[in-house]
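Engineer: Pasting model.csv below, which is CSV, C-alpha atoms.
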```csv
chain,number,residue,atom,x,y,z
A,19,MET,CA,59.6,61.3,114.5
A,20,THR,CA,56.8,63.2,116.2
A,21,LYS,CA,56.7,66.9,116.4
A,22,GLN,CA,57.5,66.8,120.2
A,23,GLU,CA,60.5,64.6,119.6
A,24,GLU,CA,61.8,66.9,116.9
A,25,SER,CA,61.5,69.9,119.1
A,26,LEU,CA,63.3,68.1,122.0
A,27,THR,CA,66.1,67.1,119.6
A,28,LYS,CA,66.4,70.6,118.3
A,29,ALA,CA,66.5,72.0,121.8
A,30,TYR,CA,69.2,69.6,122.8
A,31,ARG,CA,71.3,70.4,119.7
A,32,ASP,CA,71.0,74.1,120.5
A,33,TYR,CA,71.9,73.5,124.1
A,34,ARG,CA,75.0,71.5,123.0
A,35,LYS,CA,76.1,74.2,120.6
A,36,ALA,CA,75.7,77.0,123.2
A,37,ASN,CA,77.7,75.1,125.8
A,38,LEU,CA,80.5,74.0,123.4
A,39,GLY,CA,82.9,76.7,124.3
A,40,THR,CA,82.4,76.6,128.1
A,41,LYS,CA,84.6,74.4,130.3
A,42,SER,CA,82.8,72.3,132.9
A,43,VAL,CA,83.2,69.2,134.9
A,44,LEU,CA,81.0,67.3,132.4
A,45,SER,CA,83.2,68.2,129.4
A,46,PHE,CA,86.2,67.1,131.4
A,47,LEU,CA,84.6,63.8,132.3
A,48,ARG,CA,83.4,63.3,128.7
A,49,SER,CA,87.0,63.4,127.5
A,50,PHE,CA,88.2,60.3,129.4
A,51,MET,CA,85.0,58.5,130.5
A,52,PRO,CA,84.7,56.4,127.2
A,53,GLU,CA,88.2,55.0,127.6
A,54,MET,CA,87.5,54.1,131.3
A,55,ILE,CA,84.2,52.3,130.3
A,56,PHE,CA,85.9,50.5,127.4
A,57,ARG,CA,88.8,49.2,129.5
A,58,THR,CA,86.5,48.2,132.4
A,59,THR,CA,84.1,46.4,130.1
A,60,ARG,CA,87.0,44.6,128.4
A,61,LEU,CA,88.3,43.5,131.8
A,62,GLU,CA,84.9,42.0,132.6
A,63,GLY,CA,85.2,39.9,129.4
A,64,GLU,CA,82.6,41.6,127.3
A,65,LYS,CA,83.3,42.1,123.5
A,66,ILE,CA,83.0,45.8,122.9
A,67,SER,CA,84.7,48.4,120.6
A,68,ARG,CA,85.9,51.9,121.3
A,69,ARG,CA,83.5,53.2,118.6
A,70,SER,CA,80.4,51.8,120.3
A,71,VAL,CA,81.4,53.3,123.7
A,72,SER,CA,82.2,56.7,122.2
A,73,SER,CA,78.9,56.7,120.4
A,74,ILE,CA,77.2,56.9,123.8
A,75,PHE,CA,78.9,60.2,124.6
A,76,LYS,CA,78.1,62.0,121.3
```
If you took the structure in this file and wrote it as structure tokens, what would it be?
Structural biologist:
Amino acid sequence: MTKQEESLTKAYRDYRKANLGTKSVLSFLRSFMPEMIFRTTRLEGEKISRRSVSSIFK
């Protein structure tokens, strides 16, 4: 990983830690969005697991 990528990753981690305690629309959506994506994808006939969908939102 380059130095720029490392600094961006660190900044993002710090941002996530700072905003962990605050309630926002994004945190509300983040709680049920993976389940909606999983069910919609399954209805379309794709093979997908809950784990793979939830990994997108971590």
Engineer: Which distance in Å separates atom CA of Thr58 of chain A and atom CA of Ser72 of chain A, to one decimal?
Structural biologist: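 Interatomic distance, atom CA of Thr58 of chain A to atom CA of Ser72 of chain A: 14.0 Å.
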Engineer: Please indicate the distance in Å from atom CA of Val71 of chain A to atom CA of Leu47 of chain A, rounded to one decimal place.
Structural biologist: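 Atom CA of Val71 of chain A sits 13.9 Å away from atom CA of Leu47 of chain A.
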Engineer: For Ser67 of chain A, which of A:Leu44, A:Gln22, A:Arg34, A:Glu53 is the closest residue, counting only C-alpha atoms?
Structural biologist: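 Using only C-alpha atoms, Ser67 of chain A sits closest to A:Glu53.
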Engineer: Can you work out the spacing between atom CA of Ser73 of chain A and atom CA of Met54 of chain A in Å, to one decimal?
Structural biologist: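 Straight-line distance from atom CA of Ser73 of chain A to atom CA of Met54 of chain A works out to 14.1 Å.
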Engineer: With a distance cut-off of 10 Å and only C-alpha atoms, select the neighbouring residues of Phe75 of chain A, excluding the residue or stretch itself and same-chain residues fewer than 3 positions from it, and output the selection as an NGL selection string.
Structural biologist: :A and (48-49 or 51-52 or 70-72)
